[in-house]
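Next comes work.cif, with mmCIF, C-alpha atoms; chains and numbers go by the auth columns.
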data_data
#
loop_
_atom_site.group_PDB
_atom_site.id
_atom_site.type_symbol
_atom_site.label_atom_id
_atom_site.label_comp_id
_atom_site.label_asym_id
_atom_site.label_seq_id
_atom_site.Cartn_x
_atom_site.Cartn_y
_atom_site.Cartn_z
_atom_site.B_iso_or_equiv
_atom_site.auth_seq_id
_atom_site.auth_asym_id
ATOM 1 C CA MET A 1 21.030 16.235 -2.511 0.00 852 A
ATOM 2 C CA ASP A 2 21.798 18.481 -5.483 0.00 853 A
ATOM 3 C CA GLY A 3 24.423 20.500 -3.621 0.00 854 A
ATOM 4 C CA PRO A 4 28.198 20.722 -4.181 0.00 855 A
ATOM 5 C CA GLU A 5 28.983 18.323 -1.333 0.00 856 A
ATOM 6 C CA VAL A 6 27.231 15.408 -3.026 0.00 857 A
ATOM 7 C CA ALA A 7 28.822 16.330 -6.352 0.00 858 A
ATOM 8 C CA ALA A 8 32.257 16.207 -4.695 0.00 859 A
ATOM 9 C CA LEU A 9 31.514 12.767 -3.226 0.00 860 A
ATOM 10 C CA CYS A 10 30.380 11.482 -6.630 0.00 861 A
ATOM 11 C CA ALA A 11 33.549 12.784 -8.281 0.00 862 A
ATOM 12 C CA ALA A 12 35.728 11.171 -5.619 0.00 863 A
ATOM 13 C CA ALA A 13 33.943 7.822 -6.001 0.00 864 A
ATOM 14 C CA ARG A 14 34.361 7.974 -9.776 0.00 865 A
ATOM 15 C CA ASP A 15 38.063 8.882 -9.534 0.00 866 A
ATOM 16 C CA ALA A 16 38.754 6.090 -7.037 0.00 867 A
ATOM 17 C CA GLU A 17 36.445 3.627 -8.820 0.00 868 A
ATOM 18 C CA CYS A 18 34.862 2.571 -5.533 0.00 869 A
ATOM 19 C CA ALA A 19 31.377 2.448 -4.122 0.00 870 A
ATOM 20 C CA VAL A 20 30.735 4.944 -1.322 0.00 871 A
ATOM 21 C CA VAL A 21 28.214 5.050 1.508 0.00 872 A
ATOM 22 C CA MET A 22 28.350 8.405 3.293 0.00 873 A
ATOM 23 C CA GLY A 23 26.468 9.526 6.367 0.00 874 A
ATOM 24 C CA VAL A 24 25.151 13.072 6.025 0.00 875 A
ATOM 25 C CA THR A 25 22.697 15.593 7.374 0.00 876 A
ATOM 26 C CA GLU A 26 20.375 16.158 4.428 0.00 877 A
ATOM 27 C CA ARG A 27 18.565 19.466 3.968 0.00 878 A
ATOM 28 C CA ASP A 28 15.174 19.274 2.280 0.00 879 A
ATOM 29 C CA GLY A 29 13.353 22.598 2.281 0.00 880 A
ATOM 30 C CA GLY A 30 13.357 23.781 5.874 0.00 881 A
ATOM 31 C CA SER A 31 13.909 20.362 7.437 0.00 882 A
ATOM 32 C CA LEU A 32 16.991 18.270 8.199 0.00 883 A
ATOM 33 C CA TYR A 33 17.323 14.486 8.060 0.00 884 A
ATOM 34 C CA ASN A 34 19.934 12.013 9.280 0.00 885 A
ATOM 35 C CA ALA A 35 20.692 10.176 6.052 0.00 886 A
ATOM 36 C CA GLN A 36 22.972 7.854 4.100 0.00 887 A
ATOM 37 C CA ILE A 37 23.894 8.414 0.448 0.00 888 A
ATOM 38 C CA PHE A 38 24.851 5.435 -1.753 0.00 889 A
ATOM 39 C CA ILE A 39 27.167 6.119 -4.702 0.00 890 A
ATOM 40 C CA ASP A 40 28.440 3.561 -7.213 0.00 891 A
ATOM 41 C CA ARG A 41 31.958 3.321 -8.598 0.00 892 A
ATOM 42 C CA ASP A 42 31.062 5.337 -11.707 0.00 893 A
ATOM 43 C CA GLY A 43 29.968 8.288 -9.562 0.00 894 A
ATOM 44 C CA SER A 44 26.244 7.706 -10.025 0.00 895 A
ATOM 45 C CA VAL A 45 23.938 8.079 -7.013 0.00 896 A
ATOM 46 C CA LEU A 46 22.268 4.733 -6.375 0.00 897 A
ATOM 47 C CA GLY A 47 19.930 6.210 -3.805 0.00 898 A
ATOM 48 C CA LYS A 48 19.601 7.648 -0.334 0.00 899 A
ATOM 49 C CA ARG A 49 17.804 6.771 2.858 0.00 900 A
ATOM 50 C CA ARG A 50 16.781 8.667 5.965 0.00 901 A
ATOM 51 C CA LYS A 51 16.838 7.375 9.519 0.00 902 A
ATOM 52 C CA LEU A 52 13.321 6.141 10.199 0.00 903 A
ATOM 53 C CA LYS A 53 13.034 7.496 13.729 0.00 904 A
ATOM 54 C CA PRO A 54 15.606 9.836 15.283 0.00 905 A
ATOM 55 C CA THR A 55 16.662 8.589 18.696 0.00 906 A
ATOM 56 C CA SER A 56 15.753 10.508 21.832 0.00 907 A
ATOM 57 C CA ALA A 57 17.065 14.119 21.691 0.00 908 A
ATOM 58 C CA GLU A 58 17.978 13.686 18.001 0.00 909 A
ATOM 59 C CA ARG A 59 14.324 14.523 17.312 0.00 910 A
ATOM 60 C CA ILE A 60 15.103 18.162 18.134 0.00 911 A
ATOM 61 C CA ILE A 61 17.241 18.338 14.978 0.00 912 A
ATOM 62 C CA TRP A 62 16.182 15.667 12.493 0.00 913 A
ATOM 63 C CA GLY A 63 12.867 14.733 10.932 0.00 914 A
ATOM 64 C CA GLU A 64 11.596 11.201 10.357 0.00 915 A
ATOM 65 C CA GLY A 65 12.436 9.106 7.312 0.00 916 A
ATOM 66 C CA ASP A 66 10.092 6.825 5.376 0.00 917 A
ATOM 67 C CA GLY A 67 10.091 3.361 3.855 0.00 918 A
ATOM 68 C CA SER A 68 11.401 4.480 0.466 0.00 919 A
ATOM 69 C CA GLY A 69 14.964 4.134 1.719 0.00 920 A
ATOM 70 C CA LEU A 70 14.669 0.568 3.002 0.00 921 A
ATOM 71 C CA ARG A 71 16.090 -0.752 -0.249 0.00 922 A
ATOM 72 C CA VAL A 72 19.065 -2.969 -0.990 0.00 923 A
ATOM 73 C CA MET A 73 20.903 -1.651 -4.045 0.00 924 A
ATOM 74 C CA GLU A 74 22.666 -3.549 -6.801 0.00 925 A
ATOM 75 C CA THR A 75 26.187 -2.222 -7.366 0.00 926 A
ATOM 76 C CA GLN A 76 28.510 -2.745 -10.298 0.00 927 A
ATOM 77 C CA ARG A 77 31.153 -4.663 -8.395 0.00 928 A
ATOM 78 C CA VAL A 78 30.555 -5.071 -4.659 0.00 929 A
ATOM 79 C CA GLY A 79 27.272 -6.977 -4.667 0.00 930 A
ATOM 80 C CA ARG A 80 23.963 -6.069 -3.080 0.00 931 A
ATOM 81 C CA LEU A 81 24.535 -3.088 -0.807 0.00 932 A
ATOM 82 C CA GLY A 82 22.394 -1.734 2.030 0.00 933 A
ATOM 83 C CA GLY A 83 22.681 0.280 5.202 0.00 934 A
ATOM 84 C CA LEU A 84 21.083 1.369 8.461 0.00 935 A
ATOM 85 C CA ILE A 85 21.837 4.180 10.889 0.00 936 A
ATOM 86 C CA CYS A 86 22.660 3.763 14.576 0.00 937 A
ATOM 87 C CA GLY A 87 19.568 2.693 16.563 0.00 938 A
ATOM 88 C CA GLU A 88 17.871 1.268 13.467 0.00 939 A
ATOM 89 C CA HIS A 89 20.005 -1.815 14.037 0.00 940 A
ATOM 90 C CA ASN A 90 17.828 -2.489 17.077 0.00 941 A
ATOM 91 C CA LEU A 91 14.646 -2.504 14.978 0.00 942 A
ATOM 92 C CA ALA A 92 13.992 -6.174 14.247 0.00 943 A
ATOM 93 C CA LEU A 93 11.560 -5.472 11.398 0.00 944 A
ATOM 94 C CA ALA A 94 14.000 -3.085 9.704 0.00 945 A
ATOM 95 C CA ARG A 95 16.679 -5.777 9.862 0.00 946 A
ATOM 96 C CA PHE A 96 14.319 -8.377 8.424 0.00 947 A
ATOM 97 C CA THR A 97 13.322 -6.007 5.604 0.00 948 A
ATOM 98 C CA MET A 98 16.966 -5.727 4.533 0.00 949 A
ATOM 99 C CA GLN A 99 17.612 -9.461 4.953 0.00 950 A
ATOM 100 C CA SER A 100 14.581 -10.280 2.801 0.00 951 A
ATOM 101 C CA GLN A 101 16.236 -8.442 -0.102 0.00 952 A
ATOM 102 C CA GLN A 102 19.335 -10.678 0.014 0.00 953 A
ATOM 103 C CA GLU A 103 21.688 -7.993 1.289 0.00 954 A
ATOM 104 C CA GLN A 104 25.347 -8.988 0.864 0.00 955 A
ATOM 105 C CA VAL A 105 27.256 -5.944 2.133 0.00 956 A
ATOM 106 C CA HIS A 106 25.819 -3.788 4.892 0.00 957 A
ATOM 107 C CA VAL A 107 27.140 -0.389 6.009 0.00 958 A
ATOM 108 C CA ALA A 108 26.350 0.645 9.583 0.00 959 A
ATOM 109 C CA SER A 109 26.676 4.347 10.452 0.00 960 A
ATOM 110 C CA TYR A 110 27.158 5.301 14.108 0.00 961 A
ATOM 111 C CA PRO A 111 28.101 8.520 15.956 0.00 962 A
ATOM 112 C CA ASP A 112 31.127 8.985 18.175 0.00 963 A
ATOM 113 C CA PRO A 113 30.365 6.619 21.084 0.00 964 A
ATOM 114 C CA VAL A 114 31.885 8.962 23.660 0.00 965 A
ATOM 115 C CA MET A 115 28.755 11.077 23.264 0.00 966 A
ATOM 116 C CA GLU A 116 26.664 8.253 24.686 0.00 967 A
ATOM 117 C CA GLY A 117 28.762 6.918 27.542 0.00 968 A
ATOM 118 C CA LYS A 118 31.102 4.027 28.153 0.00 969 A
ATOM 119 C CA SER A 119 28.484 1.309 27.603 0.00 970 A
ATOM 120 C CA PHE A 120 27.452 2.608 24.170 0.00 971 A
ATOM 121 C CA GLY A 121 30.447 1.083 22.400 0.00 972 A
ATOM 122 C CA ASP A 122 29.621 -2.322 23.832 0.00 973 A
ATOM 123 C CA ARG A 123 26.066 -2.047 22.496 0.00 974 A
ATOM 124 C CA VAL A 124 27.345 -0.999 19.062 0.00 975 A
ATOM 125 C CA ASP A 125 29.709 -3.952 18.981 0.00 976 A
ATOM 126 C CA ALA A 126 26.932 -6.368 19.915 0.00 977 A
ATOM 127 C CA ALA A 127 24.494 -4.885 17.369 0.00 978 A
ATOM 128 C CA VAL A 128 26.764 -4.974 14.317 0.00 979 A
ATOM 129 C CA ARG A 129 28.171 -8.429 14.995 0.00 980 A
ATOM 130 C CA HIS A 130 24.666 -9.770 15.532 0.00 981 A
ATOM 131 C CA TYR A 131 23.534 -8.105 12.297 0.00 982 A
ATOM 132 C CA ALA A 132 26.255 -9.898 10.337 0.00 983 A
ATOM 133 C CA ALA A 133 25.520 -13.301 11.864 0.00 984 A
ATOM 134 C CA GLU A 134 21.735 -12.958 11.688 0.00 985 A
ATOM 135 C CA GLY A 135 21.638 -11.721 8.091 0.00 986 A
ATOM 136 C CA GLN A 136 24.635 -13.714 6.790 0.00 987 A
ATOM 137 C CA CYS A 137 26.260 -10.657 5.250 0.00 988 A
ATOM 138 C CA PHE A 138 29.444 -8.654 5.545 0.00 989 A
ATOM 139 C CA VAL A 139 29.158 -5.549 7.746 0.00 990 A
ATOM 140 C CA LEU A 140 31.261 -2.413 7.446 0.00 991 A
ATOM 141 C CA ASN A 141 30.759 -0.419 10.643 0.00 992 A
ATOM 142 C CA ALA A 142 31.844 3.213 10.267 0.00 993 A
ATOM 143 C CA THR A 143 31.822 4.935 13.636 0.00 994 A
ATOM 144 C CA ALA A 144 32.515 8.671 13.749 0.00 995 A
ATOM 145 C CA PHE A 145 35.494 10.017 15.698 0.00 996 A
ATOM 146 C CA MET A 146 35.495 13.285 17.611 0.00 997 A
ATOM 147 C CA GLY A 147 38.979 14.765 17.956 0.00 998 A
ATOM 148 C CA ASP A 148 40.216 16.677 20.991 0.00 999 A
ATOM 149 C CA GLU A 149 39.638 20.106 19.449 0.00 1000 A
ATOM 150 C CA ILE A 150 35.963 19.477 18.678 0.00 1001 A
ATOM 151 C CA ARG A 151 35.422 17.523 21.874 0.00 1002 A
ATOM 152 C CA ASP A 152 36.690 20.418 23.997 0.00 1003 A
ATOM 153 C CA LEU A 153 34.282 22.774 22.261 0.00 1004 A
ATOM 154 C CA VAL A 154 31.291 20.517 22.772 0.00 1005 A
ATOM 155 C CA TYR A 155 32.006 19.330 26.307 0.00 1006 A
ATOM 156 C CA ASP A 156 32.830 22.663 27.907 0.00 1007 A
ATOM 157 C CA THR A 157 31.853 21.963 31.526 0.00 1008 A
ATOM 158 C CA PRO A 158 34.033 20.285 34.175 0.00 1009 A
ATOM 159 C CA GLU A 159 31.500 17.479 34.620 0.00 1010 A
ATOM 160 C CA LEU A 160 31.425 16.643 30.919 0.00 1011 A
ATOM 161 C CA GLN A 161 35.196 16.957 30.622 0.00 1012 A
ATOM 162 C CA GLU A 162 35.614 14.413 33.406 0.00 1013 A
ATOM 163 C CA PHE A 163 33.187 12.113 31.606 0.00 1014 A
ATOM 164 C CA VAL A 164 34.915 12.200 28.219 0.00 1015 A
ATOM 165 C CA GLN A 165 38.386 11.802 29.708 0.00 1016 A
ATOM 166 C CA ASP A 166 37.393 8.425 31.123 0.00 1017 A
ATOM 167 C CA PRO A 167 39.315 5.957 28.894 0.00 1018 A
ATOM 168 C CA SER A 168 36.577 3.360 29.338 0.00 1019 A
ATOM 169 C CA ALA A 169 34.205 5.676 27.433 0.00 1020 A
ATOM 170 C CA TRP A 170 36.181 5.291 24.238 0.00 1021 A
ATOM 171 C CA HIS A 171 34.924 2.289 22.299 0.00 1022 A
ATOM 172 C CA GLY A 172 34.785 3.294 18.638 0.00 1023 A
ATOM 173 C CA CYS A 173 34.042 -0.199 17.331 0.00 1024 A
ATOM 174 C CA SER A 174 34.761 0.733 13.703 0.00 1025 A
ATOM 175 C CA SER A 175 35.215 -2.652 12.090 0.00 1026 A
ATOM 176 C CA ILE A 176 34.659 -5.035 9.187 0.00 1027 A
ATOM 177 C CA ILE A 177 32.789 -8.218 10.115 0.00 1028 A
ATOM 178 C CA ASP A 178 32.197 -11.480 8.262 0.00 1029 A
ATOM 179 C CA PRO A 179 28.878 -13.409 7.989 0.00 1030 A
ATOM 180 C CA ALA A 180 29.742 -15.420 11.079 0.00 1031 A
ATOM 181 C CA GLY A 181 30.071 -12.280 13.191 0.00 1032 A
ATOM 182 C CA ARG A 182 33.885 -12.425 13.298 0.00 1033 A
ATOM 183 C CA TYR A 183 36.201 -9.439 12.845 0.00 1034 A
ATOM 184 C CA LEU A 184 38.079 -9.142 9.575 0.00 1035 A
ATOM 185 C CA ALA A 185 39.450 -5.723 10.556 0.00 1036 A
ATOM 186 C CA GLY A 186 39.248 -3.706 13.762 0.00 1037 A
ATOM 187 C CA PRO A 187 37.601 -2.899 16.049 0.00 1038 A
ATOM 188 C CA VAL A 188 39.248 0.496 16.324 0.00 1039 A
ATOM 189 C CA SER A 189 38.468 3.194 18.885 0.00 1040 A
ATOM 190 C CA GLY A 190 39.825 6.554 19.990 0.00 1041 A
ATOM 191 C CA ARG A 191 41.649 7.441 16.761 0.00 1042 A
ATOM 192 C CA GLU A 192 41.170 8.048 13.082 0.00 1043 A
ATOM 193 C CA CYS A 193 42.145 5.287 10.680 0.00 1044 A
ATOM 194 C CA ILE A 194 41.262 3.515 7.441 0.00 1045 A
ATOM 195 C CA LEU A 195 40.188 -0.109 7.810 0.00 1046 A
ATOM 196 C CA SER A 196 40.402 -2.529 4.889 0.00 1047 A
ATOM 197 C CA ALA A 197 39.779 -6.227 4.363 0.00 1048 A
ATOM 198 C CA GLU A 198 39.234 -8.632 1.487 0.00 1049 A
ATOM 199 C CA ILE A 199 35.748 -10.126 1.422 0.00 1050 A
ATOM 200 C CA ASP A 200 34.496 -13.115 -0.536 0.00 1051 A
ATOM 201 C CA LEU A 201 30.796 -13.017 -1.372 0.00 1052 A
ATOM 202 C CA ALA A 202 30.983 -16.744 -2.163 0.00 1053 A
ATOM 203 C CA ARG A 203 31.054 -17.384 1.599 0.00 1054 A
ATOM 204 C CA ILE A 204 27.475 -16.162 1.966 0.00 1055 A
ATOM 205 C CA PRO A 205 25.672 -19.228 0.485 0.00 1056 A
ATOM 206 C CA MET A 206 27.349 -21.569 2.985 0.00 1057 A
ATOM 207 C CA SER A 207 26.345 -19.224 5.808 0.00 1058 A
ATOM 208 C CA LYS A 208 22.756 -19.293 4.573 0.00 1059 A
ATOM 209 C CA PHE A 209 22.880 -23.087 4.479 0.00 1060 A
ATOM 210 C CA TRP A 210 23.181 -22.833 8.243 0.00 1061 A
ATOM 211 C CA PHE A 211 20.482 -20.176 8.705 0.00 1062 A
ATOM 212 C CA ASP A 212 18.415 -18.019 6.336 0.00 1063 A
ATOM 213 C CA PRO A 213 15.808 -15.859 8.160 0.00 1064 A
ATOM 214 C CA SER A 214 13.803 -14.908 5.071 0.00 1065 A
ATOM 215 C CA GLY A 215 14.256 -18.293 3.387 0.00 1066 A
ATOM 216 C CA HIS A 216 14.341 -21.868 4.609 0.00 1067 A
ATOM 217 C CA SER A 217 14.631 -20.849 8.279 0.00 1068 A
ATOM 218 C CA GLY A 218 11.491 -18.732 8.156 0.00 1069 A
ATOM 219 C CA ARG A 219 7.849 -19.664 8.688 0.00 1070 A
ATOM 220 C CA PRO A 220 5.770 -17.476 6.338 0.00 1071 A
ATOM 221 C CA ASP A 221 2.698 -19.499 7.260 0.00 1072 A
ATOM 222 C CA ILE A 222 3.044 -18.089 10.788 0.00 1073 A
ATOM 223 C CA PHE A 223 4.886 -14.780 10.368 0.00 1074 A
ATOM 224 C CA ASN A 224 4.779 -12.217 7.574 0.00 1075 A
ATOM 225 C CA LEU A 225 5.890 -8.606 7.261 0.00 1076 A
ATOM 226 C CA ALA A 226 4.218 -5.806 5.277 0.00 1077 A
ATOM 227 C CA VAL A 227 6.512 -2.919 4.285 0.00 1078 A
ATOM 228 C CA ASN A 228 5.446 0.429 2.846 0.00 1079 A
ATOM 229 C CA PHE A 229 8.203 1.455 0.436 0.00 1080 A
ATOM 230 C CA GLY A 230 6.360 4.628 -0.508 0.00 1081 A
ATOM 231 C CA THR A 231 7.568 8.186 -0.021 0.00 1082 A
ATOM 232 C CA ALA A 232 5.787 10.137 2.715 0.00 1083 A
ATOM 233 C CA ASN A 233 4.740 13.491 1.268 0.00 1084 A
ATOM 234 C CA SER A 234 2.534 15.918 3.161 0.00 1085 A
ATOM 235 C CA THR A 235 1.159 17.473 -0.057 0.00 1086 A
ATOM 236 C CA ARG A 236 -0.411 15.813 -3.072 0.00 1087 A
ATOM 237 C CA TRP A 237 -0.775 17.974 -6.182 0.00 1088 A
ATOM 238 C CA SER A 238 -3.671 17.494 -8.586 0.00 1089 A
ATOM 239 C CA PRO A 239 -3.770 19.019 -12.100 0.00 1090 A
ATOM 240 C CA PRO A 240 -3.710 21.790 -13.085 0.00 1091 A
ATOM 241 C CA ALA A 241 -1.904 22.896 -9.919 0.00 1092 A
ATOM 242 C CA HIS A 242 1.864 22.498 -9.796 0.00 1093 A
ATOM 243 C CA PRO A 243 4.165 22.355 -6.773 0.00 1094 A
ATOM 244 C CA PRO A 244 6.469 25.318 -6.203 0.00 1095 A
ATOM 245 C CA LYS A 245 10.096 25.115 -7.200 0.00 1096 A
ATOM 246 C CA SER A 246 12.535 23.520 -4.820 0.00 1097 A
ATOM 247 C CA ARG A 247 13.648 25.798 -2.052 0.00 1098 A
ATOM 248 C CA THR A 248 17.211 27.018 -2.191 0.00 1099 A
ATOM 249 C CA THR A 249 19.598 27.081 0.738 0.00 1100 A
ATOM 250 C CA ASP A 250 18.903 30.823 1.021 0.00 1101 A
ATOM 251 C CA GLY A 251 15.148 30.337 1.438 0.00 1102 A
ATOM 252 C CA VAL A 252 12.317 30.481 -1.080 0.00 1103 A
ATOM 253 C CA ASP A 253 12.918 31.995 -4.508 0.00 1104 A
ATOM 254 C CA GLU A 254 10.940 35.168 -5.194 0.00 1105 A
ATOM 255 C CA SER A 255 9.327 33.407 -8.133 0.00 1106 A
ATOM 256 C CA ASP A 256 7.813 30.907 -5.723 0.00 1107 A
ATOM 257 C CA GLU A 257 5.985 33.395 -3.520 0.00 1108 A
ATOM 258 C CA ASP A 258 2.838 33.608 -5.620 0.00 1109 A
ATOM 259 C CA GLN A 259 2.606 29.838 -5.864 0.00 1110 A
ATOM 260 C CA LEU A 260 3.073 29.431 -2.129 0.00 1111 A
#

Representation of the structure as structure tokens:
Amino acid sequence: MDGPEVAALCAAARDAECAVVMGVTERDGGSLYNAQIFIDRDGSVLGKRRKLKPTSAERIIWGEGDGSGLRVMETQRVGRLGGLICGEHNLALARFTMQSQQEQVHVASYPDPVMEGKSFGDRVDAAVRHYAAEGQCFVLNATAFMGDEIRDLVYDTPELQEFVQDPSAWHGCSSIIDPAGRYLAGPVSGRECILSAEIDLARIPMSKFWFDPSGHSGRPDIFNLAVNFGTANSTRWSPPAHPPKSRTTDGVDESDEDQL
């Protein structure tokens, strides 16, 4: 999080005077995490979150996140901003946690759907539109795109090449969706592009008049949700001991060896 890549994103957000939500692979010590970084229009980092549970084979690469990232953040200009990553949109309790914080703008981060097969795009489309309608918020769905050069490197067997060349496999579903689940921009698949739309946060109260899961539509006397917003640390330090310095990208500093 303190590397040059994040600094470059912060500078770009500040120069463009826009809020940014960027999907990244975060390095923390010797572990990697699938994460989102939230940056405000002045270049300040509002926070980050890690995917709670990597999906299937993703667990070979990424570690698990914790509840500290399930926060909706107040921005300077674009309202209350939150996000989830890929399969987290199928976790009903994660959705309800975000809805309970009066999320207004939600950013969904998804991989290139061609990696998952031709039905994956349909599931993405259903998930993000349902999220908008269920939570009465605007959804910006940013789906990654894998170009031909990278795709040919990754799918280097005849069987995989035949799979990815199937046009029905390409459903990018990048889109902007209103609180009723309707498209304001997109969906776009199979190419790179920039999507834009004008949103009006004043539409949200009327949508919540129809249905508000964490408000008048809920039944707290029957259902309630407990959320642990704490950070999951494997080590707790008691005085006078002190934790070692943060590990660098090159490994552990020599000065840390005695402490470790």

Worksheet item: Suppose you want the space between CA of Ala870 in chain A and CA of Val979 in chain A; what is it in Å?
Response: 20.4 Å

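The residues returned by the PyMOL selection byres ((chain A and resi 946-961) around 6) for this structure are Arg931, Leu932, Gly933, Gly934, Leu935, Ile936, Cys937, Ala943, Leu944, Ala945, Pro962, Gly986, Cys988, Phe989, Val990, Leu991, Asn992, Ala993, Thr994 and Ser1065 of chain A.
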
Item to complete: Within 9 Å of range 909-917 of chain A, counting only C-alpha atoms, which residues show up once you throw out same-chain ones fewer than 6 positions away? Write them as a PyMOL selection string, please.
Response: chain A and resi 876+882-886+900-903+1079-1083

Using the selection just defined, write its residues with C-alpha atoms as an mmCIF file, in the frame of the given file.
data_model
loop_
_atom_site.group_PDB
_atom_site.id
_atom_site.type_symbol
_atom_site.label_atom_id
_atom_site.label_comp_id
_atom_site.auth_asym_id
_atom_site.auth_seq_id
_atom_site.Cartn_x
_atom_site.Cartn_y
_atom_site.Cartn_z
ATOM 1 C CA THR A 876 22.697 15.593 7.374
ATOM 2 C CA SER A 882 13.909 20.362 7.437
ATOM 3 C CA LEU A 883 16.991 18.270 8.199
ATOM 4 C CA TYR A 884 17.323 14.486 8.060
ATOM 5 C CA ASN A 885 19.934 12.013 9.280
ATOM 6 C CA ALA A 886 20.692 10.176 6.052
ATOM 7 C CA ARG A 900 17.804 6.771 2.858
ATOM 8 C CA ARG A 901 16.781 8.667 5.965
ATOM 9 C CA LYS A 902 16.838 7.375 9.519
ATOM 10 C CA LEU A 903 13.321 6.141 10.199
ATOM 11 C CA ASN A 1079 5.446 0.429 2.846
ATOM 12 C CA PHE A 1080 8.203 1.455 0.436
ATOM 13 C CA GLY A 1081 6.360 4.628 -0.508
ATOM 14 C CA THR A 1082 7.568 8.186 -0.021
ATOM 15 C CA ALA A 1083 5.787 10.137 2.715
#

Discussion item. Between CA of Pro1030 in chain A and CA of Gly1066 in chain A, what distance in Å does the model show, to one decimal?
Written reply: 16.1 Å

Practice prompt. Just say which residues the PyMOL selection byres ((chain A and resi 981) around 10) picks in this file, as an MDAnalysis selection string.
Written response: chainID A and resid 940 975:980 982:987 990 1028 1030:1033

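Between CA of Ala1053 in chain A and CA of Val871 in chain A the interatomic distance comes to 21.7 Å.
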
Practice prompt. Find, counting all atoms listed in the file, the residue in A:Arg1087, A:Trp1061, A:Val1078, A:Leu1035 that gets nearest to Gly920 in chain A.
Written response: A:Val1078

Fill in: Residue among A:Ser1026, A:Pro905, A:Ala858, A:Arg928 lying closest to Ile888 in chain A, counting only C-alpha atoms
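Going through A:Ser1026, A:Pro905, A:Ala858, A:Arg928 one by one, the smallest distance to Ile888 in chain A is for A:Ala858.
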
Worksheet entry | Selection result for the PyMOL selection byres ((chain A and resi 1042) around 10) on this file, as a list in words |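 Selected by the PyMOL selection byres ((chain A and resi 1042) around 10) here: Ala995, Phe996, Met997, Gly998, Trp1021, Gly1023, Val1039, Ser1040, Gly1041, Glu1043 and Cys1044 of chain A.
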
Fill in: Residue among A:Cys869, A:Ala1077, A:Leu921, A:Ile1027 lying closest to Ile890 in chain A, counting only C-alpha atoms
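Result for the nearest residue to Ile890 in chain A: A:Cys869.
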
Worksheet, complete the sentence: Using all atoms listed in the file, the shortest atom-to-atom distance to Met852 in chain A among A:Gly881, A:Pro1064, A:Gly898, A:Pro1090 belongs to A:Gly898
